[in-house]
Amino acid sequence: MADEHTAMVPAEAGNEGRDSAYIRAKITPLLMADEVIYAIAEQDPRYRWWVLPPDGAVVTSHRVLLLHCNLFSFRFEDFHWEHVEDIHIKVGFLGATVSVVGASRKTGLATQTTSAPGKSSSLNNLVKGRAQEVYKIGQEMEHKWREIVRSRAMEETRAAHGHYVTQAPTAAPQASTAAPQAGEPSPKERL
């Protein structure tokens with residue numbers, strides 16, 4: 001999976017502000033071994049008490065994480081790309097809101113077959129530029145995973161019906177339009 005995401009550049013730890021560094025420090029111990037952070041959007045300092053740490057949205061190679069911080073604790077919600085139905089952004093005058101809608105259940109084809117309303121979560125008052133970067137990468141990942149899930153569904157359907165295509169079918173022989181040779185029976189006679 002890591003090879004498919006080489007076009008996306010991981011977020012550098014040195015190019016971020018104090019709030020993004022705080023979010024990175026909270027999230028890094030929770031990442032999987034091969035998981036890479038692509039973007040972090042932290043809460044705008046104008047929208048929180050100065051003693052409270054920032055909330056933040058993090059986009060990684062495997063999932064979207066929404067981090068909700070309190071003074072002495074934090075909680076996060078994660079949505080694996082396989083189960084993300086949609087990611088939205090609402091940009092206001094001073095800040096932005098990032099919303100994520102996940103599948104209502106986690107199955108292999110949940111994003112394709114579910115009809116129940118999905119699980120939704122959002123973070124308000126994020127720094128606009130960073131929130132837009134999270135949204136942009138989120139849309140790219142959502143598109144890639146939609147294609148992965150679609151091809152997986154096609155493979156599972158073929159396997160269930162016993163249709164395995166190992167090579168492209170050859171062209172059917174074309175019917176001869178030439179008149180029958182003398183001594184050969186006509187098509188009517190052959191029938």
# chains A, B, ... in the order shown; residues from 1 in each chain; ligands from 1
$ residues_around --residues "Asp55 (chain A)" --least-positions-apart "3" --cutoff "6 Å" --atoms "only C-alpha atoms" --output "PDB file with C-alpha atoms, in the first residue's frame"
ATOM      1  CA  GLU A  42      -4.675  22.276  14.296  1.00  0.00           C
ATOM      2  CA  GLN A  43      -7.341  24.361  15.994  1.00  0.00           C
ATOM      3  CA  LEU A  67      -8.072  14.512  18.026  1.00  0.00           C
ATOM      4  CA  HIS A  68     -10.130  16.108  20.818  1.00  0.00           C
ATOM      5  CA  CYS A  69      -7.942  17.486  23.636  1.00  0.00           C
TER       6      CYS A  69
END
$ residues_around --residues "Phe72 (chain A)" --least-positions-apart "2" --cutoff "12 Å" --atoms "only C-alpha atoms" --output "tab-separated table (two decimals) with N, CA and C atoms, in the first residue's frame"
chain	number	residue	atom	x	y	z
A	51	VAL	N	-5.08	28.03	28.04
A	51	VAL	CA	-4.50	26.90	28.78
A	51	VAL	C	-4.83	25.55	28.15
A	52	LEU	N	-5.80	25.51	27.25
A	52	LEU	CA	-6.20	24.25	26.64
A	52	LEU	C	-5.34	23.92	25.43
A	53	PRO	N	-4.97	22.66	25.28
A	53	PRO	CA	-4.23	22.25	24.08
A	53	PRO	C	-5.17	22.24	22.87
A	68	HIS	N	-9.41	15.19	19.94
A	68	HIS	CA	-10.13	16.11	20.82
A	68	HIS	C	-9.35	16.18	22.13
A	69	CYS	N	-8.80	17.34	22.46
A	69	CYS	CA	-7.94	17.49	23.64
A	69	CYS	C	-8.65	18.22	24.77
A	70	ASN	N	-8.39	17.76	25.98
A	70	ASN	CA	-8.79	18.44	27.20
A	70	ASN	C	-7.52	18.85	27.93
A	74	PHE	N	-6.96	13.33	26.38
A	74	PHE	CA	-7.39	13.51	25.01
A	74	PHE	C	-8.07	12.23	24.55
A	75	ARG	N	-8.88	12.37	23.52
A	75	ARG	CA	-9.51	11.23	22.87
A	75	ARG	C	-9.44	11.48	21.37
$ closest_residue --among "A:Ile89, A:Leu71, A:Val84, A:Ala25" --to "Val134 (chain A)" --atoms "only C-alpha atoms"
A:Ile89
$ select_by_dssp --residues "region 36-166 of chain A" --states "helix (DSSP H, G or I)" --output "ChimeraX atom specification"
/A:45-47,81-83,110-113,128-161
$ residues_around --residues "Ser121 (chain A)" --least-positions-apart "5" --cutoff "10 Å" --atoms "only C-alpha atoms" --output "mmCIF file with N, CA and C atoms, in the first residue's frame"
data_model
loop_
_atom_site.group_PDB
_atom_site.id
_atom_site.type_symbol
_atom_site.label_atom_id
_atom_site.label_comp_id
_atom_site.auth_asym_id
_atom_site.auth_seq_id
_atom_site.Cartn_x
_atom_site.Cartn_y
_atom_site.Cartn_z
ATOM 1 N N LEU A 66 -9.263 12.359 14.193
ATOM 2 C CA LEU A 66 -9.756 13.612 14.744
ATOM 3 C C LEU A 66 -9.451 13.589 16.237
ATOM 4 N N GLU A 77 -10.899 10.000 17.357
ATOM 5 C CA GLU A 77 -11.727 9.148 16.525
ATOM 6 C C GLU A 77 -10.923 8.873 15.267
ATOM 7 N N ASP A 78 -10.912 7.629 14.846
ATOM 8 C CA ASP A 78 -10.200 7.331 13.612
ATOM 9 C C ASP A 78 -11.126 6.665 12.610
ATOM 10 N N PHE A 79 -10.900 6.987 11.355
ATOM 11 C CA PHE A 79 -11.659 6.450 10.240
ATOM 12 C C PHE A 79 -10.645 5.877 9.253
ATOM 13 N N ILE A 87 -15.367 12.997 2.994
ATOM 14 C CA ILE A 87 -14.688 13.984 3.831
ATOM 15 C C ILE A 87 -15.077 15.352 3.283
ATOM 16 N N VAL A 98 -13.620 20.576 9.373
ATOM 17 C CA VAL A 98 -13.413 19.350 8.611
ATOM 18 C C VAL A 98 -14.359 18.305 9.174
ATOM 19 N N SER A 99 -15.137 17.671 8.295
ATOM 20 C CA SER A 99 -16.085 16.621 8.689
ATOM 21 C C SER A 99 -15.744 15.339 7.958
ATOM 22 N N VAL A 100 -15.899 14.223 8.662
ATOM 23 C CA VAL A 100 -15.649 12.916 8.076
ATOM 24 C C VAL A 100 -16.883 12.057 8.306
ATOM 25 N N VAL A 101 -17.350 11.388 7.248
ATOM 26 C CA VAL A 101 -18.458 10.447 7.347
ATOM 27 C C VAL A 101 -17.888 9.065 7.072
ATOM 28 N N GLY A 102 -18.051 8.172 8.047
ATOM 29 C CA GLY A 102 -17.559 6.810 7.904
ATOM 30 C C GLY A 102 -18.703 5.840 7.705
#
$ atom_distance --atom1 "CA of Ser120 (chain A)" --atom2 "CA of His83 (chain A)"
11.7 Å
$ closest_residue --among "A:Lys136, A:Arg63, A:Lys128, A:Arg48" --to "His88 (chain A)" --atoms "only C-alpha atoms"
A:Lys136
$ atom_distance --atom1 "CA of Glu35 (chain A)" --atom2 "CA of Gly95 (chain A)"
28.0 Å
$ atom_distance --atom1 "CA of Asn125 (chain A)" --atom2 "CA of Arg46 (chain A)"
8.7 Å
$ select_by_dssp --residues "region 70-156 of chain A" --states "strand (DSSP E)" --output "count of residues only"
30
$ residues_around --residues "Ser20 (chain A)" --least-positions-apart "6" --cutoff "12 Å" --atoms "only C-alpha atoms" --output "list in words"
Ala11, Glu12, Ala13, Gly14, Lys26, Ile27, Thr28, Ile37, Ala39, Ile40, Ala41, Glu42, Gln43, Asp44, Pro45, Pro53, Pro54, Asp55, Gly56, Ala57, Val58, Leu67, Leu126, Val127, Arg130 and Ala131 of chain A
